[in-house]
$ cat model.cif   # mmCIF, C-alpha atoms and all ligand atoms
data_work
#
loop_
_atom_site.label_atom_id
_atom_site.label_comp_id
_atom_site.auth_asym_id
_atom_site.auth_seq_id
_atom_site.Cartn_x
_atom_site.Cartn_y
_atom_site.Cartn_z
CA MET A 1 145.48 145.46 121.41
CA LEU A 2 141.67 145.52 121.39
CA THR A 3 139.79 146.76 124.42
CA ILE A 4 137.11 144.62 126.03
CA GLU A 5 134.44 146.92 124.58
CA GLN A 6 135.85 146.31 121.09
CA LEU A 7 135.82 142.54 121.62
CA TRP A 8 132.14 142.54 122.47
CA ASP A 9 129.98 141.56 119.59
CA LEU A 10 126.76 143.38 120.18
CA LYS A 11 125.06 142.13 117.06
CA LEU A 12 121.97 140.06 117.76
CA PRO A 13 122.61 136.37 117.05
CA LEU A 14 120.67 134.85 114.17
CA ILE A 15 117.83 132.89 115.73
CA PRO A 16 116.26 130.32 113.42
CA PRO A 17 112.46 130.43 113.26
CA ARG A 18 110.67 128.49 116.01
CA SER A 19 107.81 126.15 115.24
CA ARG A 20 104.53 126.56 117.09
CA LEU A 21 104.15 122.78 117.53
CA TYR A 22 106.95 120.29 118.13
CA HIS A 23 109.14 119.71 115.09
CA ILE A 24 108.58 115.95 114.94
CA GLU A 25 110.02 114.25 111.89
CA PRO A 26 107.58 111.89 110.16
CA VAL A 27 108.55 108.21 110.11
CA GLY A 28 109.75 106.37 107.02
CA VAL A 29 109.51 109.06 104.30
CA GLY A 30 110.88 107.46 101.12
CA THR A 31 110.20 103.90 102.34
CA LEU A 32 107.44 101.35 101.82
CA LEU A 33 106.08 102.01 105.28
CA VAL A 34 105.95 105.82 105.23
CA GLU A 35 103.75 107.23 107.98
CA SER A 36 100.22 108.46 107.25
CA LEU A 37 99.20 112.07 107.89
CA THR A 38 96.44 111.01 110.29
CA GLY A 39 98.94 108.83 112.16
CA TYR A 40 101.28 111.82 112.32
CA VAL A 41 98.49 113.94 113.83
CA ALA A 42 97.97 111.26 116.49
CA ARG A 43 101.71 111.15 117.30
CA LEU A 44 101.98 114.91 117.35
CA ALA A 45 99.01 115.14 119.72
CA GLU A 46 100.56 112.49 121.98
CA ALA A 47 103.83 114.45 122.11
CA HIS A 48 101.84 117.48 123.31
CA CYS A 49 99.92 115.32 125.83
CA LEU A 50 96.71 116.14 123.98
CA ARG A 51 93.98 114.09 122.34
CA PRO A 52 94.06 114.50 118.52
CA GLY A 53 90.52 115.88 118.76
CA VAL A 54 91.68 118.67 121.05
CA LEU A 55 94.77 119.39 118.95
CA LEU A 56 92.69 119.70 115.79
CA GLU A 57 90.06 121.82 117.48
CA ARG A 58 92.59 124.24 118.96
CA GLU A 59 95.19 124.50 116.23
CA LEU A 60 93.62 123.34 112.99
CA ALA A 61 89.97 124.35 113.29
CA SER A 62 90.14 126.47 110.15
CA VAL A 63 91.19 123.44 108.06
CA LEU A 64 88.30 121.30 109.29
CA ASN A 65 85.89 124.18 108.94
CA LYS A 66 86.89 124.87 105.36
CA ALA A 67 86.30 121.33 104.12
CA TYR A 68 83.48 120.19 106.33
CA GLY A 69 81.89 123.31 107.70
CA CYS A 70 82.51 122.23 111.27
CA THR A 71 85.44 122.19 113.63
CA ASN A 72 84.48 119.17 115.65
CA LEU A 73 86.24 115.92 114.80
CA HIS A 74 83.33 113.90 116.23
CA LYS A 75 81.12 115.01 113.35
CA ILE A 76 83.46 114.04 110.53
CA TYR A 77 84.82 110.69 111.68
CA ARG A 78 83.59 108.85 108.59
CA PHE A 79 85.54 111.16 106.30
CA THR A 80 88.86 111.26 108.12
CA GLY A 81 90.35 108.76 105.65
CA ALA A 82 90.39 111.62 103.12
CA LEU A 83 93.02 113.39 105.24
CA ASN A 84 95.55 110.91 103.79
CA GLY A 85 94.20 111.19 100.28
CA THR A 86 94.45 113.10 97.03
CA GLY A 87 92.12 116.03 97.64
CA VAL A 88 91.92 119.46 99.16
CA MET A 89 91.46 118.07 102.67
CA ALA A 90 94.85 116.32 102.62
CA ALA A 91 96.46 119.34 100.95
CA ASP A 92 95.10 121.81 103.52
CA LEU A 93 95.95 119.68 106.53
CA SER A 94 99.49 118.84 105.38
CA GLN A 95 100.15 122.51 104.59
CA ALA A 96 98.74 123.69 107.91
CA LEU A 97 100.80 121.12 109.80
CA GLN A 98 103.91 122.07 107.84
CA ASN A 99 103.39 125.69 108.94
CA LEU A 100 102.91 124.67 112.55
CA THR A 101 105.77 122.15 112.83
CA LEU A 102 108.15 123.55 110.18
CA CYS A 103 108.51 120.00 108.80
CA GLU A 104 108.59 120.40 105.05
CA ASN A 105 107.82 116.89 103.91
CA LEU A 106 104.38 116.21 105.38
CA HIS A 107 102.61 116.07 102.01
CA PHE A 108 104.53 112.82 101.40
CA LEU A 109 102.36 111.31 104.15
CA THR A 110 99.38 111.56 101.79
CA LEU A 111 98.59 110.45 98.23
CA LEU A 112 98.69 114.03 96.94
CA SER A 113 101.61 113.38 94.59
CA TRP A 114 99.52 110.78 92.71
CA SER A 115 96.31 112.79 92.70
CA LYS A 116 95.99 113.00 88.92
CA LEU A 117 96.22 109.24 88.48
CA LEU A 118 94.18 107.87 91.35
CA THR A 119 90.40 108.00 91.50
CA SER A 120 89.10 108.70 94.97
CA ARG A 121 86.43 105.99 94.74
CA ASN A 122 87.30 103.13 97.12
CA LEU A 123 90.79 104.53 97.52
CA LEU A 124 90.97 105.06 101.28
CA ARG A 125 89.28 103.23 104.10
CA SER A 126 87.22 105.10 106.65
CA ILE A 127 87.85 102.33 109.16
CA ARG A 128 91.35 101.99 110.52
CA ALA A 129 93.37 98.83 109.71
CA TRP A 130 96.56 97.72 111.43
CA CYS A 131 99.04 94.88 111.73
CA PRO A 132 99.23 93.76 115.40
CA ALA A 133 102.57 92.05 114.76
CA CYS A 134 104.14 95.26 113.42
CA TYR A 135 102.99 97.17 116.53
CA LYS A 136 104.37 94.44 118.76
CA ASN A 137 107.67 94.32 116.91
CA TRP A 138 108.18 98.11 116.99
CA TYR A 139 107.35 98.22 120.68
CA LYS A 140 109.69 95.33 121.52
CA THR A 141 112.58 96.79 119.53
CA ASN A 142 112.10 100.31 120.94
CA GLN A 143 111.07 101.78 117.60
CA VAL A 144 108.44 104.45 117.12
CA VAL A 145 104.96 102.91 117.03
CA TYR A 146 103.11 104.61 114.18
CA GLU A 147 100.50 104.20 111.44
CA PRO A 148 101.88 103.56 107.94
CA LEU A 149 100.07 105.20 105.02
CA LEU A 150 99.95 101.79 103.34
CA TRP A 151 97.43 100.54 105.90
CA SER A 152 94.98 103.31 105.07
CA LEU A 153 94.51 102.16 101.46
CA GLU A 154 91.40 100.12 100.77
CA VAL A 155 93.20 97.74 98.39
CA VAL A 156 95.85 96.78 100.94
CA LYS A 157 94.50 93.95 103.03
CA PHE A 158 97.69 92.27 104.20
CA CYS A 159 100.94 93.20 105.93
CA SER A 160 103.74 92.42 103.52
CA VAL A 161 106.23 92.02 106.38
CA HIS A 162 104.27 89.49 108.44
CA LYS A 163 102.19 88.09 105.59
CA GLN A 164 99.04 88.31 107.66
CA LYS A 165 95.71 90.03 107.30
CA LEU A 166 95.41 93.55 108.67
CA SER A 167 93.09 93.77 111.69
CA GLN A 168 90.08 96.07 111.80
CA GLN A 169 88.44 95.00 115.02
CA CYS A 170 89.81 95.64 118.49
CA PRO A 171 90.38 92.31 120.30
CA HIS A 172 89.53 93.95 123.65
CA CYS A 173 86.25 95.78 123.02
CA GLY A 174 85.29 94.33 119.63
CA HIS A 175 84.86 97.80 118.13
CA LYS A 176 86.25 99.26 114.94
CA ASN A 177 88.19 102.53 114.87
CA TYR A 178 87.87 105.44 112.49
CA THR A 179 91.02 106.52 110.63
CA LEU A 180 91.33 109.49 112.96
CA ALA A 181 89.26 109.77 116.09
CA TRP A 182 89.19 112.02 119.12
CA ARG A 183 91.30 109.59 121.12
CA SER A 184 93.45 108.08 118.34
CA ARG A 185 96.87 106.95 119.47
CA PRO A 186 99.26 104.85 117.35
CA GLY A 187 99.18 101.25 118.54
CA TYR A 188 96.10 101.71 120.74
CA CYS A 189 92.35 101.32 120.24
CA SER A 190 90.65 104.71 120.03
CA LYS A 191 87.53 103.29 121.69
CA CYS A 192 88.80 101.37 124.75
CA GLU A 193 92.39 102.68 124.57
CA GLU A 194 93.88 99.21 124.92
CA TRP A 195 97.15 98.12 123.32
CA LEU A 196 96.63 96.51 119.89
CA GLY A 197 99.99 94.79 119.47
CA ALA A 198 99.52 91.04 119.21
CA GLU A 199 100.23 89.29 122.47
CA THR A 200 100.33 85.80 121.05
CA GLU A 201 101.02 84.30 117.68
CA ILE A 202 97.61 82.58 117.56
CA GLU A 203 95.83 85.90 117.23
CA PHE A 204 97.27 86.61 113.84
CA CYS A 205 97.13 83.42 111.81
CA THR A 206 94.09 84.52 109.84
CA HIS A 207 95.86 84.33 106.50
CA GLN A 208 95.59 80.54 106.57
CA VAL A 209 91.97 80.72 105.50
CA ILE A 210 92.77 82.01 102.02
CA SER A 211 94.40 80.12 99.19
CA GLN A 212 98.10 80.38 98.45
CA ALA A 213 97.40 82.15 95.14
CA GLU A 214 95.19 84.71 96.90
CA LEU A 215 97.81 85.29 99.58
CA GLU A 216 100.53 85.83 96.96
CA PHE A 217 98.28 88.33 95.19
CA GLU A 218 97.53 90.24 98.40
CA ILE A 219 101.21 90.36 99.42
CA TRP A 220 102.13 91.53 95.93
CA ILE A 221 99.57 94.35 96.23
CA ALA A 222 100.97 95.51 99.58
CA THR A 223 104.51 95.43 98.21
CA THR A 224 103.85 97.14 94.90
CA ILE A 225 101.79 99.92 96.53
CA GLY A 226 104.54 100.28 99.13
CA GLU A 227 107.07 100.79 96.33
CA LEU A 228 104.86 103.51 94.86
CA LEU A 229 104.67 105.30 98.22
CA ALA A 230 108.42 104.93 98.73
CA TYR A 231 109.05 106.57 95.37
CA THR A 232 106.83 109.59 96.12
CA PRO A 233 109.61 111.96 97.34
CA SER A 234 111.64 111.20 94.16
CA LEU A 235 108.79 112.38 91.95
CA GLU A 236 109.77 115.78 90.59
CA SER A 237 106.24 116.79 89.65
CA PRO A 238 102.89 114.99 89.69
CA LEU A 239 102.47 112.69 86.70
CA PRO A 240 99.98 113.91 84.07
CA LYS A 241 96.52 112.42 83.87
CA ASP A 242 97.09 110.77 80.50
CA ARG A 243 99.98 108.65 81.78
CA ILE A 244 97.75 105.62 82.36
CA ALA A 245 96.13 105.85 78.93
CA LYS A 246 99.56 106.09 77.25
CA ALA A 247 100.94 103.15 79.21
CA LEU A 248 97.89 101.04 78.40
CA TYR A 249 98.16 101.84 74.70
CA ALA A 250 101.82 100.93 74.70
CA TYR A 251 101.21 97.61 76.44
CA ILE A 252 98.33 96.72 74.12
CA GLU A 253 100.54 97.51 71.16
CA GLN A 254 103.37 95.42 72.46
CA ALA A 255 101.38 92.49 73.82
CA THR A 256 98.67 92.01 71.21
CA GLU A 257 99.82 94.20 68.34
CA GLY A 258 97.18 96.75 69.14
CA ASN A 259 94.30 94.29 69.39
CA MET A 260 92.29 95.72 72.25
CA ALA A 261 89.72 92.91 72.26
CA VAL A 262 92.34 90.20 72.78
CA PHE A 263 94.04 92.24 75.47
CA ALA A 264 90.74 92.86 77.26
CA ARG A 265 89.81 89.17 77.10
CA GLN A 266 93.18 88.06 78.40
CA LEU A 267 93.00 90.49 81.31
CA GLN A 268 89.31 89.80 81.92
CA ILE A 269 88.29 93.45 81.55
CA PRO A 270 85.16 94.50 79.62
CA LYS A 271 86.32 95.78 76.23
CA ASN A 272 84.33 99.02 76.41
CA THR A 273 85.80 99.84 79.78
CA LEU A 274 89.33 99.29 78.48
CA TRP A 275 88.55 101.50 75.51
CA LEU A 276 87.43 104.36 77.80
CA TRP A 277 90.61 104.01 79.84
CA CYS A 278 92.78 104.05 76.72
CA LYS A 279 91.02 107.15 75.43
CA GLY A 280 91.60 108.83 78.79
CA GLN A 281 87.86 109.34 79.19
CA SER A 282 87.85 107.57 82.53
CA LEU A 283 90.47 106.39 84.96
CA PRO A 284 90.65 102.81 86.17
CA SER A 285 90.27 102.38 89.91
CA LEU A 286 93.43 101.53 91.78
CA LYS A 287 92.14 97.98 92.17
CA SER A 288 91.68 97.58 88.40
CA LEU A 289 95.09 99.08 87.76
CA LEU A 290 96.65 96.60 90.15
CA LYS A 291 94.95 93.68 88.44
CA ILE A 292 96.32 94.82 85.08
CA CYS A 293 99.84 95.19 86.49
CA TYR A 294 99.65 91.81 88.20
CA CYS A 295 98.62 90.12 84.97
CA LEU A 296 101.41 91.90 83.08
CA LYS A 297 103.88 90.92 85.82
CA ILE A 298 105.09 94.45 86.38
CA SER A 299 105.04 96.70 89.41
CA ILE A 300 102.59 99.60 89.39
CA LEU A 301 105.56 101.98 89.65
CA ASN A 302 107.13 100.57 86.48
CA PHE A 303 103.78 100.69 84.72
CA LEU A 304 103.44 104.40 85.50
CA MET A 305 107.05 105.52 85.28
CA GLU A 306 109.02 103.48 82.82
CA GLY A 307 108.86 102.76 79.15
CA VAL A 308 107.15 99.52 78.22
CA GLU A 309 108.78 96.47 79.71
CA SER A 310 109.16 93.40 77.59
CA THR A 311 106.14 91.28 78.36
CA ASN A 312 105.55 87.81 77.07
CA PHE A 313 101.81 88.07 76.97
CA PHE A 314 101.22 84.36 76.93
CA GLN A 315 103.03 83.92 80.20
CA THR A 316 101.12 86.53 82.16
CA HIS A 317 100.01 85.99 85.76
CA ARG A 318 96.54 84.66 86.24
CA LEU A 319 94.42 86.43 88.84
CA PRO A 320 93.34 84.32 91.81
CA PRO A 321 89.79 83.01 91.20
CA THR A 322 88.19 85.32 93.79
CA GLN A 323 89.58 88.38 91.97
CA VAL A 324 87.98 87.53 88.65
CA GLU A 325 84.93 89.77 88.54
CA SER A 326 83.07 88.08 85.75
CA LYS A 327 82.66 84.89 87.74
CA PRO A 328 79.83 84.64 90.25
CA ARG A 329 80.98 84.62 93.84
CA VAL A 330 81.62 81.08 94.97
CA ASN A 331 80.32 81.85 98.41
CA SER A 332 76.96 83.26 97.40
CA LYS A 333 76.36 80.37 95.02
CA ALA A 334 77.17 77.80 97.66
CA PHE A 335 74.95 79.34 100.34
CA ASP A 336 72.94 76.54 101.89
CA ALA A 337 70.43 78.31 104.14
CA ASP A 338 69.26 75.17 105.99
CA LYS A 339 72.78 74.03 106.75
CA VAL A 340 73.83 77.50 107.87
CA GLU A 341 70.78 77.96 110.10
CA GLN A 342 71.32 74.58 111.72
CA TYR A 343 74.96 75.36 112.40
CA LEU A 344 74.17 78.80 113.86
CA LYS A 345 71.61 77.27 116.24
CA THR A 346 74.11 74.61 117.30
CA MET A 347 76.75 77.26 117.93
CA LEU A 348 74.35 79.32 120.00
CA ILE A 349 73.66 76.55 122.50
CA SER A 350 77.10 74.92 122.38
CA ASN A 351 79.47 75.19 125.32
CA GLU A 352 82.52 75.71 123.13
CA PHE A 353 85.12 77.78 124.94
CA PRO A 354 86.16 80.35 124.00
CA PRO A 355 82.95 81.01 122.05
CA PRO A 356 83.67 81.69 118.35
CA SER A 357 83.13 85.14 116.82
CA MET A 358 80.79 85.47 113.83
CA GLU A 359 83.88 85.91 111.70
CA GLU A 360 85.11 82.51 112.85
CA VAL A 361 81.67 80.91 112.35
CA ALA A 362 81.50 82.28 108.79
CA ARG A 363 84.97 80.92 108.12
CA ARG A 364 83.98 77.47 109.32
CA LEU A 365 80.92 77.55 107.10
CA SER A 366 82.99 78.90 104.18
CA CYS A 367 80.31 81.55 103.70
CA ASP A 368 80.39 85.30 103.46
CA ARG A 369 79.65 86.83 106.88
CA ARG A 370 77.42 89.52 105.41
CA ALA A 371 75.36 86.92 103.52
CA ILE A 372 74.80 84.95 106.74
CA PHE A 373 73.84 88.15 108.54
CA ARG A 374 71.33 89.05 105.81
CA HIS A 375 69.58 85.72 106.20
CA PHE A 376 69.81 85.19 109.97
CA ARG A 377 70.18 88.58 111.61
CA ASP A 378 68.93 87.53 115.07
CA LEU A 379 70.99 84.36 115.30
CA CYS A 380 74.12 86.25 114.22
CA SER A 381 73.50 89.00 116.77
CA ALA A 382 73.06 86.40 119.52
CA ILE A 383 76.31 84.63 118.58
CA SER A 384 78.14 87.95 118.44
CA ALA A 385 76.71 88.95 121.83
CA LYS A 386 78.03 85.72 123.33
CA TYR A 387 81.46 86.40 121.87
CA ILE A 388 81.50 90.04 123.04
CA GLN A 389 80.48 88.92 126.53
CA TYR A 390 83.44 86.54 126.53
CA ARG A 391 85.81 89.32 125.37
CA LYS A 392 84.49 91.59 128.09
CA ALA A 393 85.06 88.90 130.71
CA CYS A 394 88.64 88.46 129.43
CA TYR A 395 89.10 92.18 129.61
CA LEU A 396 87.84 92.42 133.19
CA GLU A 397 90.03 89.48 134.19
CA ASN A 398 93.06 91.22 132.67
CA VAL A 399 92.20 94.41 134.55
CA GLU A 400 92.03 92.46 137.80
CA ILE A 401 95.37 90.75 137.14
CA CYS A 402 96.97 94.10 136.28
CA CYS A 403 95.63 95.73 139.45
CA LYS A 404 97.30 93.01 141.51
CA GLU A 405 100.47 93.31 139.45
CA VAL A 406 100.57 97.10 139.93
CA ARG A 407 100.15 96.64 143.67
CA ASP A 408 103.00 94.11 143.90
CA ILE A 409 105.35 96.19 141.70
CA THR A 410 104.62 99.39 143.64
CA LEU A 411 105.34 97.68 146.96
CA LYS A 412 108.56 96.20 145.61
CA LEU A 413 109.78 99.58 144.26
CA HIS A 414 108.85 101.29 147.51
CA ASN A 415 110.78 98.69 149.53
CA LEU A 416 113.79 99.31 147.29
CA GLY A 417 113.56 103.00 148.11
CA GLN A 418 112.42 103.98 144.62
CA TYR A 419 109.45 106.23 143.88
CA PRO A 420 106.82 104.22 141.94
CA THR A 421 106.22 106.58 139.01
CA GLU A 422 103.82 105.40 136.31
CA ALA A 423 106.70 104.98 133.88
CA ARG A 424 108.70 102.90 136.39
CA VAL A 425 105.71 100.68 137.28
CA SER A 426 104.79 100.11 133.64
CA GLU A 427 108.32 98.87 132.92
CA PHE A 428 107.66 95.78 135.04
CA MET A 429 104.07 95.13 133.93
CA SER A 430 103.33 92.21 131.64
CA LYS A 431 100.76 94.38 129.81
CA PRO A 432 101.92 97.99 130.22
CA GLY A 433 99.09 99.31 128.05
CA TYR A 434 96.67 98.53 130.87
CA LEU A 435 98.14 101.34 132.97
CA ARG A 436 95.98 103.66 130.86
CA ASN A 437 92.93 101.90 132.21
CA LYS A 438 91.00 103.90 134.82
CA ILE A 439 90.64 101.01 137.27
CA VAL A 440 94.32 100.05 137.06
CA ARG A 441 95.38 103.66 137.55
CA ALA A 442 93.06 103.91 140.52
CA ALA A 443 94.74 100.79 141.98
CA LEU A 444 98.10 102.53 141.63
CA GLY A 445 96.71 105.65 143.33
CA GLN A 446 95.25 103.54 146.12
CA ILE A 447 98.50 101.71 146.95
CA ARG A 448 100.47 104.97 146.80
CA HIS A 449 97.93 106.44 149.21
CA GLU A 450 98.26 103.46 151.52
CA LEU A 451 102.05 103.88 151.50
CA GLY A 452 101.62 107.58 152.24
CA ILE A 453 103.44 108.73 149.10
ZN ZN B 501 103.12 93.45 110.08
ZN ZN B 502 89.08 98.58 121.82
#

$ encode --input "model.cif" --output "structure tokens"
Amino acid sequence: MLTIEQLWDLKLPLIPPRSRLYHIEPVGVGTLLVESLTGYVARLAEAHCLRPGVLLERELASVLNKAYGCTNLHKIYRFTGALNGTGVMAADLSQALQNLTLCENLHFLTLLSWSKLLTSRNLLRSIRAWCPACYKNWYKTNQVVYEPLLWSLEVVKFCSVHKQKLSQQCPHCGHKNYTLAWRSRPGYCSKCEEWLGAETEIEFCTHQVISQAELEFEIWIATTIGELLAYTPSLESPLPKDRIAKALYAYIEQATEGNMAVFARQLQIPKNTLWLWCKGQSLPSLKSLLKICYCLKISILNFLMEGVESTNFFQTHRLPPTQVESKPRVNSKAFDADKVEQYLKTMLISNEFPPPSMEEVARRLSCDRRAIFRHFRDLCSAISAKYIQYRKACYLENVEICCKEVRDITLKLHNLGQYPTEARVSEFMSKPGYLRNKIVRAALGQIRHELGI
């Protein structure tokens, strides 16, 4: 019979290491919509009730300082896209975050695994892009609202799920967001902090303005890049730099029996450029690589990973007309300055309601917005000002409606004997995102005060 003293186990229990920051698992690793590292930073900051700017400044200052020589996020906004990329910035940040959260897979939230094959030129956007319908869907189905890595790539212009163009302009304040900003929060504008999920279907029918062929091409790009990102964790080691050159050689051999000129002509690539790529002396941009894969009817993943697929070269895909670089741009050729000026003047004095944005005006004129702006800067600014004024009025109206709503909900909860916490009030609001607005919060404070709670 053992005594009580003998039964006591006085050995210290094995305590697993604790992480300094919350151990939050990234979303979608190994899927098409894997989260981006900058989006992860924003979610991590939110979990700690901090702004990403503050989190970076307090916990990751050494990473920012090493790459940019400063620790303040405000000063490096334009470069924050690189945090999801192929370089030292992404490597340092993912490693630092792995140390702080003890999550071991954060480098999959960047393009680091493909660093030897992707040129950094035009690879990542500095301006944030998002799909309002994805945000809305995740919110409605109680899923985590986050920022997929796919959206941060310059070549991806459409959401492959909703087949609609990614947004880059906040519908509330009209501003654009940087990839990572001081007040970034998944699903919300970092400037006005409003909810970016689409409220109505009308807001996201922009894809109708492009041709069917163009839409198919854009959706194919989003899907094939998504497949590449999904495959990242399965990659045992980064692919060598000469992989593209070898694949190109093999396809030229198979498709045109080694005739580079015919291959280049068929794919509408300058022959000298193709030669440099085949020799491994330069790397094609991701956009060029995608065009080649699209023409060969293979996914970019198969192009990079597999042996040569059987390609019937005479049945290759044709690129949509706007993607063919050798042709002059249809828009610039068709620019009729008199017609455009007349239309802009008409729009400026018209009583159309709601007033159209410059994007909409350019679409109606079938002209490039930048070309119109170059020719008629003042008229464009005036039309934009009218549109922004309208958006502001909408915004103020929404704020007013929400204040009234908050008041009614608070009274109702109070009468039911329930304490009107922010979370409880927001559950009943038609636009819960507005509870982050200063005026709406003040309205909640006011009614609580009036009720003496
Ligand atoms: Zn979507
Ligand atoms: Zn905004």

$ residues_around --input "model.cif" --residues "A:His172" --least-positions-apart "5" --cutoff "9 Å" --atoms "all atoms listed in the file" --output "list in words"
Cys189, Cys192, Glu194, Trp195, Leu196, Ile388, Arg391, Lys392, Cys394 and Tyr395 of chain A

$ closest_residue --input "model.cif" --among "A:Ile24, A:Ile447, A:Met358, A:Cys173" --to "ligand ZN 502 (chain B)" --atoms "only C-alpha atoms and all ligand atoms"
A:Cys173

$ closest_residue --input "model.cif" --among "A:Cys367, A:Leu12, A:Ala61, A:Ala198" --to "ligand ZN 501 (chain B)" --atoms "only C-alpha atoms and all ligand atoms"
A:Ala198

$ atom_distance --input "model.cif" --atom1 "atom CA of A:Pro233" --atom2 "atom CA of A:Trp114"
11.2 Å

$ atom_distance --input "model.cif" --atom1 "atom CA of A:Lys431" --atom2 "atom CA of A:Asn398"
8.8 Å

$ residues_near_ligand --input "model.cif" --ligand "ligand ZN 501 (chain B)" --cutoff "6 Å" --atoms "all atoms listed in the file" --output "list in words"
Cys131, Ala133, Cys134, Cys159, Val161 and His162 of chain A

$ write_last_selection --input "model.cif" --atoms "C-alpha atoms" --output "PDB file, keeping the file's coordinate frame"
ATOM      1  CA  CYS A 131      99.040  94.880 111.730  1.00  0.00           C
ATOM      2  CA  ALA A 133     102.570  92.050 114.760  1.00  0.00           C
ATOM      3  CA  CYS A 134     104.140  95.260 113.420  1.00  0.00           C
ATOM      4  CA  CYS A 159     100.940  93.200 105.930  1.00  0.00           C
ATOM      5  CA  VAL A 161     106.230  92.020 106.380  1.00  0.00           C
ATOM      6  CA  HIS A 162     104.270  89.490 108.440  1.00  0.00           C
TER       7      HIS A 162
END
